[in-house]
file query_9.cif (mmCIF, C-alpha atoms)
data_query
loop_
_atom_site.label_atom_id
_atom_site.label_comp_id
_atom_site.auth_asym_id
_atom_site.auth_seq_id
_atom_site.Cartn_x
_atom_site.Cartn_y
_atom_site.Cartn_z
CA MET J 26 3.52 9.49 -7.56
CA LEU J 27 -0.14 10.49 -7.66
CA THR J 28 0.67 13.21 -10.20
CA ARG J 29 2.47 10.68 -12.36
CA MET J 30 -0.53 8.38 -12.12
CA ARG J 31 -2.81 11.14 -13.45
CA LEU J 32 -0.37 11.89 -16.26
CA VAL J 33 -0.29 8.20 -17.20
CA LYS J 34 -4.05 8.12 -17.47
CA GLY J 35 -3.89 11.21 -19.68
CA ALA J 36 -1.24 9.66 -21.91
CA THR J 37 -3.34 6.50 -22.14
CA ALA J 38 -6.01 8.53 -23.91
CA LEU J 39 -3.67 8.70 -26.93
CA LEU J 40 -3.89 4.91 -27.19
CA TYR J 41 -7.65 5.09 -27.77
CA ILE J 42 -7.63 8.22 -29.89
CA GLY J 43 -5.69 6.44 -32.67
CA PRO J 44 -8.47 3.95 -33.60
CA LEU J 45 -11.05 6.73 -33.32
CA ILE J 46 -9.09 8.79 -35.85
CA ALA J 47 -8.71 5.75 -38.10
CA GLY J 48 -12.47 5.14 -38.04
CA LEU J 49 -13.20 8.82 -38.56
CA CYS J 50 -10.94 8.90 -41.61
CA GLY J 51 -12.65 5.87 -43.11
CA PHE J 52 -9.76 3.39 -42.95
CA GLY J 53 -10.59 -0.27 -43.47
CA TRP J 54 -10.50 -3.14 -41.03
CA ASP J 55 -7.00 -4.05 -42.18
CA MET J 56 -5.79 -1.47 -39.65
CA VAL J 57 -7.02 -3.60 -36.77
CA ALA J 58 -3.95 -5.88 -36.75
CA PRO J 59 -1.32 -3.12 -36.28
CA PHE J 60 -3.50 -1.42 -33.68
CA ALA J 61 -3.88 -4.73 -31.85
CA ALA J 62 -0.09 -5.10 -31.76
CA ILE J 63 0.27 -1.61 -30.27
CA PHE J 64 -2.42 -2.27 -27.68
CA VAL J 65 -0.82 -5.56 -26.63
CA VAL J 66 2.62 -3.97 -26.27
CA TRP J 67 1.04 -1.24 -24.14
CA LEU J 68 -0.46 -3.91 -21.88
CA MET J 69 2.90 -5.65 -21.53
CA VAL J 70 4.58 -2.39 -20.56
CA LEU J 71 1.96 -0.99 -18.20
CA ARG J 72 0.47 -4.23 -16.87
CA PRO J 73 3.28 -6.82 -16.75
CA GLU J 74 1.45 -8.71 -14.00
CA GLN J 75 -1.12 -9.88 -16.56
CA TRP J 76 1.49 -11.78 -18.59
CA PRO J 77 3.77 -14.76 -17.89
CA THR J 78 7.14 -13.67 -16.57
CA THR J 79 9.29 -16.72 -17.37
CA PRO J 80 9.78 -18.92 -20.46
CA GLY J 81 8.47 -21.88 -18.47
CA GLU J 82 5.18 -20.11 -17.81
CA TRP J 83 4.79 -19.35 -21.51
CA LEU J 84 4.97 -23.07 -22.28
CA THR J 85 1.80 -23.82 -20.33
CA GLY J 86 -1.58 -24.01 -22.03
CA GLN J 87 -3.14 -21.79 -19.37
CA ALA J 88 -0.71 -18.99 -20.21
CA TRP J 89 -1.50 -19.22 -23.91
CA LEU J 90 -5.23 -19.14 -23.22
CA ALA J 91 -4.81 -16.09 -20.98
CA ALA J 92 -2.69 -14.32 -23.60
CA LEU J 93 -5.22 -15.16 -26.31
CA ALA J 94 -8.03 -13.77 -24.18
CA GLN J 95 -6.05 -10.55 -23.71
CA ILE J 96 -5.45 -10.20 -27.46
CA LEU J 97 -9.07 -10.92 -28.39
CA SER J 98 -10.30 -8.38 -25.84
CA GLN J 99 -8.04 -5.74 -27.39
CA VAL J 100 -9.26 -6.60 -30.90
CA LEU J 101 -12.84 -6.21 -29.69
CA LEU J 102 -12.02 -2.86 -28.08
CA ILE J 103 -10.35 -1.62 -31.27
CA GLY J 104 -13.37 -2.70 -33.30
CA VAL J 105 -15.66 -0.74 -31.00
CA LEU J 106 -13.45 2.34 -31.30
CA PHE J 107 -13.40 1.98 -35.10
CA GLY J 108 -17.19 1.81 -35.08
CA VAL J 109 -17.49 4.86 -32.83
CA GLY J 110 -15.11 6.80 -35.09
CA ARG J 111 -17.08 5.88 -38.20
CA GLY J 112 -20.28 6.82 -36.42
CA PHE J 113 -18.90 10.26 -35.62
CA GLY J 114 -17.78 10.62 -39.24
CA GLY J 115 -21.26 9.73 -40.49
CA LEU J 116 -22.97 12.16 -38.13
CA ALA J 117 -20.61 14.94 -39.18
CA ASN J 118 -20.97 13.95 -42.86
CA ILE J 119 -17.23 13.50 -43.20
CA GLY J 120 -16.15 11.40 -46.14
CA ALA J 121 -12.91 9.47 -46.49
CA LEU J 122 -10.03 11.81 -45.64
CA ASP J 123 -6.70 11.83 -47.41
CA VAL J 124 -4.66 11.02 -44.30
CA SER J 125 -1.69 8.71 -44.08
CA PRO J 126 -2.47 5.53 -42.10
CA ILE J 127 0.75 6.17 -40.20
CA LEU J 128 -0.87 9.13 -38.39
CA PRO J 129 -3.46 7.24 -36.28
CA LEU J 130 -0.96 4.43 -35.65
CA ALA J 131 1.65 6.98 -34.51
CA VAL J 132 -0.84 8.62 -32.15
CA SER J 133 -1.56 5.31 -30.45
CA PHE J 134 2.09 4.22 -30.43
CA LEU J 135 3.13 7.50 -28.79
CA SER J 136 1.24 6.41 -25.68
CA ILE J 137 3.70 3.56 -25.04
CA PRO J 138 6.94 5.53 -24.50
CA LEU J 139 5.10 8.32 -22.69
CA CYS J 140 3.46 5.93 -20.24
CA ARG J 141 6.68 3.99 -19.74
CA MET J 142 8.61 7.14 -18.89
CA LEU J 143 5.96 8.11 -16.35
CA TRP J 144 5.18 4.73 -14.80
CA ASP J 145 7.07 1.64 -13.69
CA ALA J 146 4.44 -0.89 -12.59
CA ASN J 147 6.79 -2.93 -10.40
CA GLU J 148 8.32 0.11 -8.69
CA ALA J 149 4.89 1.62 -8.09
CA ALA J 150 3.57 -1.67 -6.69
CA ALA J 151 6.48 -1.83 -4.25
CA GLN J 152 5.39 1.57 -2.94
CA GLY J 153 1.73 0.61 -2.77
CA TYR J 154 0.47 2.50 -5.85
CA PHE J 155 -1.69 0.86 -8.50
CA LEU J 156 -3.46 2.20 -11.57
CA ASP J 157 -6.70 0.48 -10.56
CA GLU J 158 -8.17 -2.24 -8.34
CA GLU J 159 -7.35 -4.92 -10.90
CA ALA J 160 -3.64 -4.09 -10.74
CA ALA J 161 -3.77 -3.99 -6.93
CA PHE J 162 -5.36 -7.44 -6.86
CA ALA J 163 -2.74 -8.82 -9.26
CA HIS J 164 0.10 -7.60 -7.03
CA ALA J 165 -1.56 -8.70 -3.77
CA ASP J 166 0.09 -12.14 -3.82
CA ASN J 167 3.64 -10.83 -3.91
CA ALA J 168 3.17 -7.70 -1.80
CA ALA J 169 4.24 -9.52 1.36
CA GLY J 170 7.27 -10.93 -0.44
CA GLN J 171 8.30 -7.50 -1.63
CA ALA J 172 7.97 -6.16 1.92
CA ALA J 173 10.12 -9.00 3.27
CA THR J 174 12.77 -8.27 0.65
CA ALA J 175 12.77 -4.55 1.47
CA ILE J 176 13.60 -5.10 5.17
CA ILE J 177 16.57 -7.42 4.61
CA PRO J 178 19.06 -4.50 4.65
CA LEU J 179 17.67 -3.46 8.04
CA LEU J 180 18.19 -6.92 9.52
CA ASN J 181 21.74 -6.93 8.21
CA LEU J 182 22.68 -3.80 10.16
CA PRO J 183 25.18 -4.55 12.95
CA ASP J 184 24.43 -3.63 16.54
CA SER J 185 27.54 -1.49 16.51
CA ALA J 186 26.18 0.73 13.73
CA PRO J 187 25.78 4.41 14.74
CA ASP J 188 22.25 5.43 15.74
CA ALA J 189 22.16 8.08 13.01
CA GLN J 190 22.99 5.51 10.32
CA VAL J 191 20.36 3.05 11.58
CA ALA J 192 17.73 5.79 11.86
CA GLN J 193 18.45 6.87 8.29
CA ALA J 194 18.16 3.28 7.04
CA VAL J 195 14.85 2.79 8.88
CA ALA J 196 13.44 6.00 7.44
CA ALA J 197 14.52 5.04 3.91
CA ALA J 198 12.89 1.61 4.22
CA LEU J 199 9.66 2.66 5.93
CA ASP J 200 8.86 6.12 4.61
CA VAL J 201 6.84 4.61 1.74
CA PRO J 202 3.12 4.01 1.16
CA ALA J 203 3.66 0.30 1.88
CA ALA J 204 5.09 1.10 5.33
CA GLU J 205 2.48 -0.99 7.17
CA LEU J 206 3.50 -4.17 5.35
CA ARG J 207 7.19 -3.50 5.90
CA LEU J 208 6.74 -2.63 9.58
CA ASN J 209 4.74 -5.83 10.10
CA ALA J 210 7.44 -7.81 8.32
CA VAL J 211 10.30 -6.43 10.40
CA THR J 212 8.24 -6.84 13.61
CA ALA J 213 7.69 -10.50 12.79
CA ALA J 214 11.39 -10.95 12.01
CA LEU J 215 12.43 -9.40 15.34
CA ALA J 216 9.99 -11.59 17.27
CA ARG J 217 12.54 -14.41 17.21
CA PRO J 218 14.27 -14.53 20.62
CA ASP J 219 17.69 -15.30 19.14
CA ARG J 220 17.87 -11.93 17.40
CA SER J 221 19.20 -8.94 19.34
CA HIS J 222 19.32 -6.05 16.85
CA ALA J 223 19.44 -3.54 19.70
CA ALA J 224 20.26 -0.56 17.47
CA LEU J 225 17.56 -1.49 14.96
CA ARG J 226 14.94 -1.99 17.68
CA ARG J 227 15.72 1.41 19.18
CA ALA J 228 15.46 3.13 15.79
CA LEU J 229 12.19 1.36 14.97
CA VAL J 230 10.65 2.32 18.32
CA LEU J 231 11.59 5.94 17.71
CA TRP J 232 10.27 5.90 14.13
CA ALA J 233 6.96 4.24 14.96
CA THR J 234 6.27 6.62 17.86
CA GLU J 235 6.80 9.83 15.92
CA PRO J 236 3.71 12.10 15.91
CA GLU J 237 4.00 12.37 12.11
CA ILE J 238 3.48 8.59 11.90
CA VAL J 239 0.78 8.17 14.55
CA ALA J 240 -1.43 11.21 13.91
CA PRO J 241 -2.43 10.57 10.25
CA GLY J 242 -3.01 6.85 10.84
CA HIS J 243 -1.34 5.89 7.57
CA VAL J 244 0.51 3.08 9.38
CA PRO J 245 -2.20 1.32 11.42
CA GLY J 246 -0.95 -0.39 14.55
CA SER J 247 2.38 1.44 14.59
CA MET J 248 2.29 1.91 18.37
CA ALA J 249 1.45 -1.75 18.93
CA SER J 250 4.27 -2.78 16.61
CA ALA J 251 6.72 -0.54 18.46
CA PHE J 252 5.63 -2.14 21.75
CA ASN J 253 6.16 -5.63 20.34
CA ILE J 254 9.56 -4.63 18.99
CA ALA J 255 10.56 -3.32 22.42
CA GLY J 256 9.45 -6.63 23.93
CA GLY J 257 10.52 -7.01 27.52
CA ASN J 258 13.61 -4.84 27.13
CA LEU J 259 13.39 -2.34 29.98
CA ASP J 260 15.58 0.26 28.30
CA LEU J 261 13.40 0.22 25.17
CA LEU J 262 10.23 0.31 27.27
CA ARG J 263 11.55 3.35 29.13
CA LEU J 264 11.99 4.97 25.70
CA TYR J 265 8.54 3.86 24.55
CA VAL J 266 6.28 4.58 27.53
CA PRO J 267 6.64 8.39 27.92
CA ARG J 268 6.27 8.88 24.18
CA ALA J 269 3.20 6.64 24.14
CA ILE J 270 1.58 8.49 27.07
CA ALA J 271 2.09 11.81 25.31
CA LEU J 272 0.73 10.46 22.02
CA ILE J 273 -2.43 8.89 23.49
CA ALA J 274 -3.16 12.18 25.23
CA ALA J 275 -2.64 14.15 22.02
CA PHE J 276 -4.36 11.72 19.64
CA PRO J 277 -6.98 9.68 21.53
CA ASN J 278 -8.68 8.92 18.20
CA ARG J 279 -5.73 6.65 17.39
CA ALA J 280 -6.25 4.47 20.47
CA GLU J 281 -6.84 1.37 18.34
CA ASP J 282 -3.23 1.60 17.11
CA PHE J 283 -1.93 1.12 20.67
CA PRO J 284 -1.35 -2.18 22.49
CA PRO J 285 -4.40 -3.59 24.32
CA PRO J 286 -4.64 -2.36 27.93
CA ASP J 287 -4.52 -5.92 29.33
CA ARG J 288 -1.26 -6.54 27.49
CA LEU J 289 0.23 -3.38 29.01
CA ILE J 290 -0.88 -4.47 32.48
CA GLU J 291 0.61 -7.91 31.90
CA ILE J 292 4.03 -6.43 31.12
CA ALA J 293 3.74 -3.98 34.03
CA GLU J 294 3.15 -6.81 36.51
CA ALA J 295 5.71 -9.20 35.02
CA GLU J 296 8.81 -10.01 37.01
CA PRO J 297 11.87 -8.10 35.73
CA ALA J 298 14.66 -10.05 34.10
CA PRO J 299 17.15 -11.26 36.73
CA ASP J 300 20.09 -9.94 34.73
CA SER J 301 18.63 -6.44 34.44
CA ASP J 302 20.87 -3.68 35.79
CA LEU J 303 18.00 -1.16 36.01
CA PRO J 304 17.58 0.08 39.60
CA ALA J 305 14.49 -1.05 41.45
CA HIS J 306 12.99 2.44 41.73
CA LEU J 307 13.26 2.94 37.95
CA GLN J 308 11.60 -0.44 37.36
CA ALA J 309 8.77 0.66 39.65
CA ASP J 310 8.43 3.92 37.74
CA LEU J 311 8.28 1.96 34.48
CA SER J 312 5.54 -0.30 35.83
CA ASP J 313 3.56 2.73 36.97
CA GLY J 314 3.99 4.27 33.53
CA LEU J 315 2.71 1.13 31.82
CA ARG J 316 -0.35 1.10 34.09
CA ALA J 317 -0.99 4.78 33.38
CA LEU J 318 -0.71 4.11 29.66
CA ALA J 319 -3.14 1.19 29.96
CA ARG J 320 -5.68 3.44 31.72
CA SER J 321 -5.28 6.14 29.07
CA VAL J 322 -5.74 3.68 26.20
CA GLU J 323 -8.75 2.14 27.90
CA ALA J 324 -10.31 5.56 28.46
CA ALA J 325 -9.65 6.56 24.84
CA LEU J 326 -11.18 3.34 23.56
CA GLY J 327 -14.22 3.87 25.77
CA GLY J 328 -14.55 7.44 24.49
CA ALA J 329 -14.43 6.17 20.92
CA GLU J 330 -17.24 3.72 21.65
CA ASP J 331 -19.31 6.50 23.25
CA ARG J 332 -18.81 8.71 20.20
CA ALA J 333 -19.84 5.86 17.89
CA VAL J 334 -23.02 5.31 19.91
CA ALA J 335 -23.76 9.04 19.91
CA ALA J 336 -23.28 9.20 16.15
CA GLN J 337 -25.96 6.54 15.70
CA GLY J 338 -28.48 8.77 17.42
CA PRO J 339 -30.82 7.98 20.30
CA ALA J 340 -32.19 4.50 20.52
CA PRO J 341 -35.80 4.11 19.38
CA VAL J 342 -38.28 4.36 22.20
CA ALA J 343 -40.87 1.65 22.34
CA VAL J 344 -44.37 3.04 22.79
CA ILE J 345 -46.76 0.78 24.66
CA THR J 346 -50.40 1.21 23.75
CA ARG J 347 -53.32 -0.20 25.65
CA ARG J 348 -56.20 -1.76 23.98
CA THR J 349 -59.64 -1.05 25.38
CA ALA J 350 -62.64 -3.15 24.83
#
call {"tool": "encode", "arguments": {"input": "query_9.cif", "output": "structure tokens"}}
result
Amino acid sequence: MLTRMRLVKGATALLYIGPLIAGLCGFGWDMVAPFAAIFVVWLMVLRPEQWPTTPGEWLTGQAWLAALAQILSQVLLIGVLFGVGRGFGGLANIGALDVSPILPLAVSFLSIPLCRMLWDANEAAAQGYFLDEEAAFAHADNAAGQAATAIIPLLNLPDSAPDAQVAQAVAAALDVPAAELRLNAVTAALARPDRSHAALRRALVLWATEPEIVAPGHVPGSMASAFNIAGGNLDLLRLYVPRAIALIAAFPNRAEDFPPPDRLIEIAEAEPAPDSDLPAHLQADLSDGLRALARSVEAALGGAEDRAVAAQGPAPVAVITRRTA
């Protein structure tokens, strides 16, 4: 996706080269209108979030004012490019060239199909990729909605589904740049007590506690989310705890992604569910594991604070001077 983004930015250069060529060749200002049409179409294709999406929105005065502002800004940009092209022509002492006006228009128009083949703004936004900060800000409002939509197939999986099928569905839904939003969305959905989703919970705990997910830190809070998904289910906690202990030992720099130590202690000291069929000695082992994990997380967090203080350097030493008469 990053390679496609670079190619899009390269293809966008063709859009601006057209008016430069037109100015360099000495074409008149009557070329501004067709160039403006090309520039506006390019905006609609590459930046659909800047335009109304429904007929009802187009009927509002605010939408017309926004569209007019977009068009006027493009006309101004084309005028600047025309001026720059004419300036280059004057410096190089190039007179009016016998070039068809179709040539500069074709150069700019070629940018539209090339960019469209390389970039789908809505698809890229769903994966967390944006051409610039402005596009990211425009998609910020519906990012959570897109994440909620993406996890619906996971919530529709039956508990009887094979583990391999559920694991594959989880990987397909979460192995994207927007994984943090989607993991938060599915964690919130599973927080409801009336939802079992045993197979999905097990697959999510396994996915979120993979070293490939935890080590890079691309999904902040993945270990805390896995703990919340496991909830008070002893079988899921028995799956979670040994993996978490190994991960905090291997990657103490990711301690902030783990559950708070006091929360781990709270679960460790909680009374087991009366309907649990887990033997008492295994419940005791689980409680000990949760306490050990809490100590490890606390030690890792303390080590991180010590490293932050050390990075700031020694504290300034106050020097007391005595005044003598």
call {"tool": "closest_residue", "arguments": {"input": "query_9.cif", "among": "J:Leu231, J:Ala251, J:Ala269, J:Leu303", "to": "Thr212 in chain J", "atoms": "all atoms listed in the file"}}
result
J:Ala251
call {"tool": "residues_around", "arguments": {"input": "query_9.cif", "residues": "Glu296 in chain J", "least_positions_apart": "5", "cutoff": "12 Å", "atoms": "all atoms listed in the file", "output": "number ranges by chain"}}
result
J: 257, 259, 291, 301, 305, 308-309, 312
call {"tool": "resolve_selection", "arguments": {"input": "query_9.cif", "expression": "the PyMOL selection byres ((chain J and resi 263) around 12)", "output": "short mmCIF file (atom, residue, chain, number, x, y, z; two decimals) with C-alpha atoms, in the frame of the given file"}}
result
data_model
loop_
_atom_site.label_atom_id
_atom_site.label_comp_id
_atom_site.auth_asym_id
_atom_site.auth_seq_id
_atom_site.Cartn_x
_atom_site.Cartn_y
_atom_site.Cartn_z
CA ARG J 227 15.72 1.41 19.18
CA VAL J 230 10.65 2.32 18.32
CA LEU J 231 11.59 5.94 17.71
CA PHE J 252 5.63 -2.14 21.75
CA ALA J 255 10.56 -3.32 22.42
CA GLY J 256 9.45 -6.63 23.93
CA GLY J 257 10.52 -7.01 27.52
CA ASN J 258 13.61 -4.84 27.13
CA LEU J 259 13.39 -2.34 29.98
CA ASP J 260 15.58 0.26 28.30
CA LEU J 261 13.40 0.22 25.17
CA LEU J 262 10.23 0.31 27.27
CA LEU J 264 11.99 4.97 25.70
CA TYR J 265 8.54 3.86 24.55
CA VAL J 266 6.28 4.58 27.53
CA PRO J 267 6.64 8.39 27.92
CA ARG J 268 6.27 8.88 24.18
CA ALA J 269 3.20 6.64 24.14
CA ILE J 270 1.58 8.49 27.07
CA ALA J 293 3.74 -3.98 34.03
CA LEU J 303 18.00 -1.16 36.01
CA LEU J 307 13.26 2.94 37.95
CA GLN J 308 11.60 -0.44 37.36
CA ALA J 309 8.77 0.66 39.65
CA ASP J 310 8.43 3.92 37.74
CA LEU J 311 8.28 1.96 34.48
CA SER J 312 5.54 -0.30 35.83
CA ASP J 313 3.56 2.73 36.97
CA GLY J 314 3.99 4.27 33.53
CA LEU J 315 2.71 1.13 31.82
#
call {"tool": "atom_distance", "arguments": {"input": "query_9.cif", "atom1": "CA of Arg207 in chain J", "atom2": "CA of Ile176 in chain J"}}
result
6.6 Å
call {"tool": "residues_near_point", "arguments": {"input": "query_9.cif", "point": "(-4.8, 8.2, -24.1)", "cutoff": "12 Å", "atoms": "all atoms listed in the file", "output": "ChimeraX atom specification"}}
result
/J:31-45,64,67,132-137,139-140
call {"tool": "residues_near_point", "arguments": {"input": "query_9.cif", "point": "(9.7, -2.8, 9.7)", "cutoff": "10 Å", "atoms": "all atoms listed in the file", "output": "PyMOL selection string"}}
result
chain J and resi 172-173+175-177+179-180+195-196+198-199+204-215+225-226+229+232-233+247+250-251+254
call {"tool": "atom_distance", "arguments": {"input": "query_9.cif", "atom1": "CA of Gln190 in chain J", "atom2": "CA of Pro236 in chain J"}}
result
21.1 Å
call {"tool": "atom_distance", "arguments": {"input": "query_9.cif", "atom1": "CA of Pro138 in chain J", "atom2": "CA of Phe107 in chain J"}}
result
23.2 Å
call {"tool": "closest_residue", "arguments": {"input": "query_9.cif", "among": "J:Glu323, J:Gly86, J:Met30, J:Cys50", "to": "Ala146 in chain J", "atoms": "only C-alpha atoms"}}
result
J:Met30
call {"tool": "resolve_selection", "arguments": {"input": "query_9.cif", "expression": "the PyMOL selection byres ((chain J and resi 280-290) around 10)", "output": "ChimeraX atom specification"}}
result
/J:239,242,244-253,269,272-274,276-279,291-295,312-329
call {"tool": "write_last_selection", "arguments": {"input": "query_9.cif", "atoms": "C-alpha atoms", "output": "PDB file, keeping the file's coordinate frame"}}
result
ATOM      1  CA  VAL J 239       0.780   8.170  14.550  1.00  0.00           C
ATOM      2  CA  GLY J 242      -3.010   6.850  10.840  1.00  0.00           C
ATOM      3  CA  VAL J 244       0.510   3.080   9.380  1.00  0.00           C
ATOM      4  CA  PRO J 245      -2.200   1.320  11.420  1.00  0.00           C
ATOM      5  CA  GLY J 246      -0.950  -0.390  14.550  1.00  0.00           C
ATOM      6  CA  SER J 247       2.380   1.440  14.590  1.00  0.00           C
ATOM      7  CA  MET J 248       2.290   1.910  18.370  1.00  0.00           C
ATOM      8  CA  ALA J 249       1.450  -1.750  18.930  1.00  0.00           C
ATOM      9  CA  SER J 250       4.270  -2.780  16.610  1.00  0.00           C
ATOM     10  CA  ALA J 251       6.720  -0.540  18.460  1.00  0.00           C
ATOM     11  CA  PHE J 252       5.630  -2.140  21.750  1.00  0.00           C
ATOM     12  CA  ASN J 253       6.160  -5.630  20.340  1.00  0.00           C
ATOM     13  CA  ALA J 269       3.200   6.640  24.140  1.00  0.00           C
ATOM     14  CA  LEU J 272       0.730  10.460  22.020  1.00  0.00           C
ATOM     15  CA  ILE J 273      -2.430   8.890  23.490  1.00  0.00           C
ATOM     16  CA  ALA J 274      -3.160  12.180  25.230  1.00  0.00           C
ATOM     17  CA  PHE J 276      -4.360  11.720  19.640  1.00  0.00           C
ATOM     18  CA  PRO J 277      -6.980   9.680  21.530  1.00  0.00           C
ATOM     19  CA  ASN J 278      -8.680   8.920  18.200  1.00  0.00           C
ATOM     20  CA  ARG J 279      -5.730   6.650  17.390  1.00  0.00           C
ATOM     21  CA  GLU J 291       0.610  -7.910  31.900  1.00  0.00           C
ATOM     22  CA  ILE J 292       4.030  -6.430  31.120  1.00  0.00           C
ATOM     23  CA  ALA J 293       3.740  -3.980  34.030  1.00  0.00           C
ATOM     24  CA  GLU J 294       3.150  -6.810  36.510  1.00  0.00           C
ATOM     25  CA  ALA J 295       5.710  -9.200  35.020  1.00  0.00           C
ATOM     26  CA  SER J 312       5.540  -0.300  35.830  1.00  0.00           C
ATOM     27  CA  ASP J 313       3.560   2.730  36.970  1.00  0.00           C
ATOM     28  CA  GLY J 314       3.990   4.270  33.530  1.00  0.00           C
ATOM     29  CA  LEU J 315       2.710   1.130  31.820  1.00  0.00           C
ATOM     30  CA  ARG J 316      -0.350   1.100  34.090  1.00  0.00           C
ATOM     31  CA  ALA J 317      -0.990   4.780  33.380  1.00  0.00           C
ATOM     32  CA  LEU J 318      -0.710   4.110  29.660  1.00  0.00           C
ATOM     33  CA  ALA J 319      -3.140   1.190  29.960  1.00  0.00           C
ATOM     34  CA  ARG J 320      -5.680   3.440  31.720  1.00  0.00           C
ATOM     35  CA  SER J 321      -5.280   6.140  29.070  1.00  0.00           C
ATOM     36  CA  VAL J 322      -5.740   3.680  26.200  1.00  0.00           C
ATOM     37  CA  GLU J 323      -8.750   2.140  27.900  1.00  0.00           C
ATOM     38  CA  ALA J 324     -10.310   5.560  28.460  1.00  0.00           C
ATOM     39  CA  ALA J 325      -9.650   6.560  24.840  1.00  0.00           C
ATOM     40  CA  LEU J 326     -11.180   3.340  23.560  1.00  0.00           C
ATOM     41  CA  GLY J 327     -14.220   3.870  25.770  1.00  0.00           C
ATOM     42  CA  GLY J 328     -14.550   7.440  24.490  1.00  0.00           C
ATOM     43  CA  ALA J 329     -14.430   6.170  20.920  1.00  0.00           C
TER      44      ALA J 329
END
call {"tool": "closest_residue", "arguments": {"input": "query_9.cif", "among": "J:Ala216, J:Ala223, J:Leu97, J:Ile46", "to": "Asp188 in chain J", "atoms": "only C-alpha atoms"}}
result
J:Ala223
call {"tool": "closest_residue", "arguments": {"input": "query_9.cif", "among": "J:Ala92, J:Leu182, J:Leu130, J:Ala275", "to": "Pro73 in chain J", "atoms": "all atoms listed in the file"}}
result
J:Ala92
call {"tool": "residues_around", "arguments": {"input": "query_9.cif", "residues": "Ala88 in chain J", "least_positions_apart": "6", "cutoff": "10 Å", "atoms": "only C-alpha atoms", "output": "PyMOL selection string"}}
result
chain J and resi 75-77+81-82+94
call {"tool": "closest_residue", "arguments": {"input": "query_9.cif", "among": "J:Leu102, J:Leu84, J:Met56, J:Ile96", "to": "Leu68 in chain J", "atoms": "only C-alpha atoms"}}
result
J:Ile96
call {"tool": "closest_residue", "arguments": {"input": "query_9.cif", "among": "J:Pro59, J:Pro241, J:Pro304, J:Pro183", "to": "Pro129 in chain J", "atoms": "all atoms listed in the file"}}
result
J:Pro59
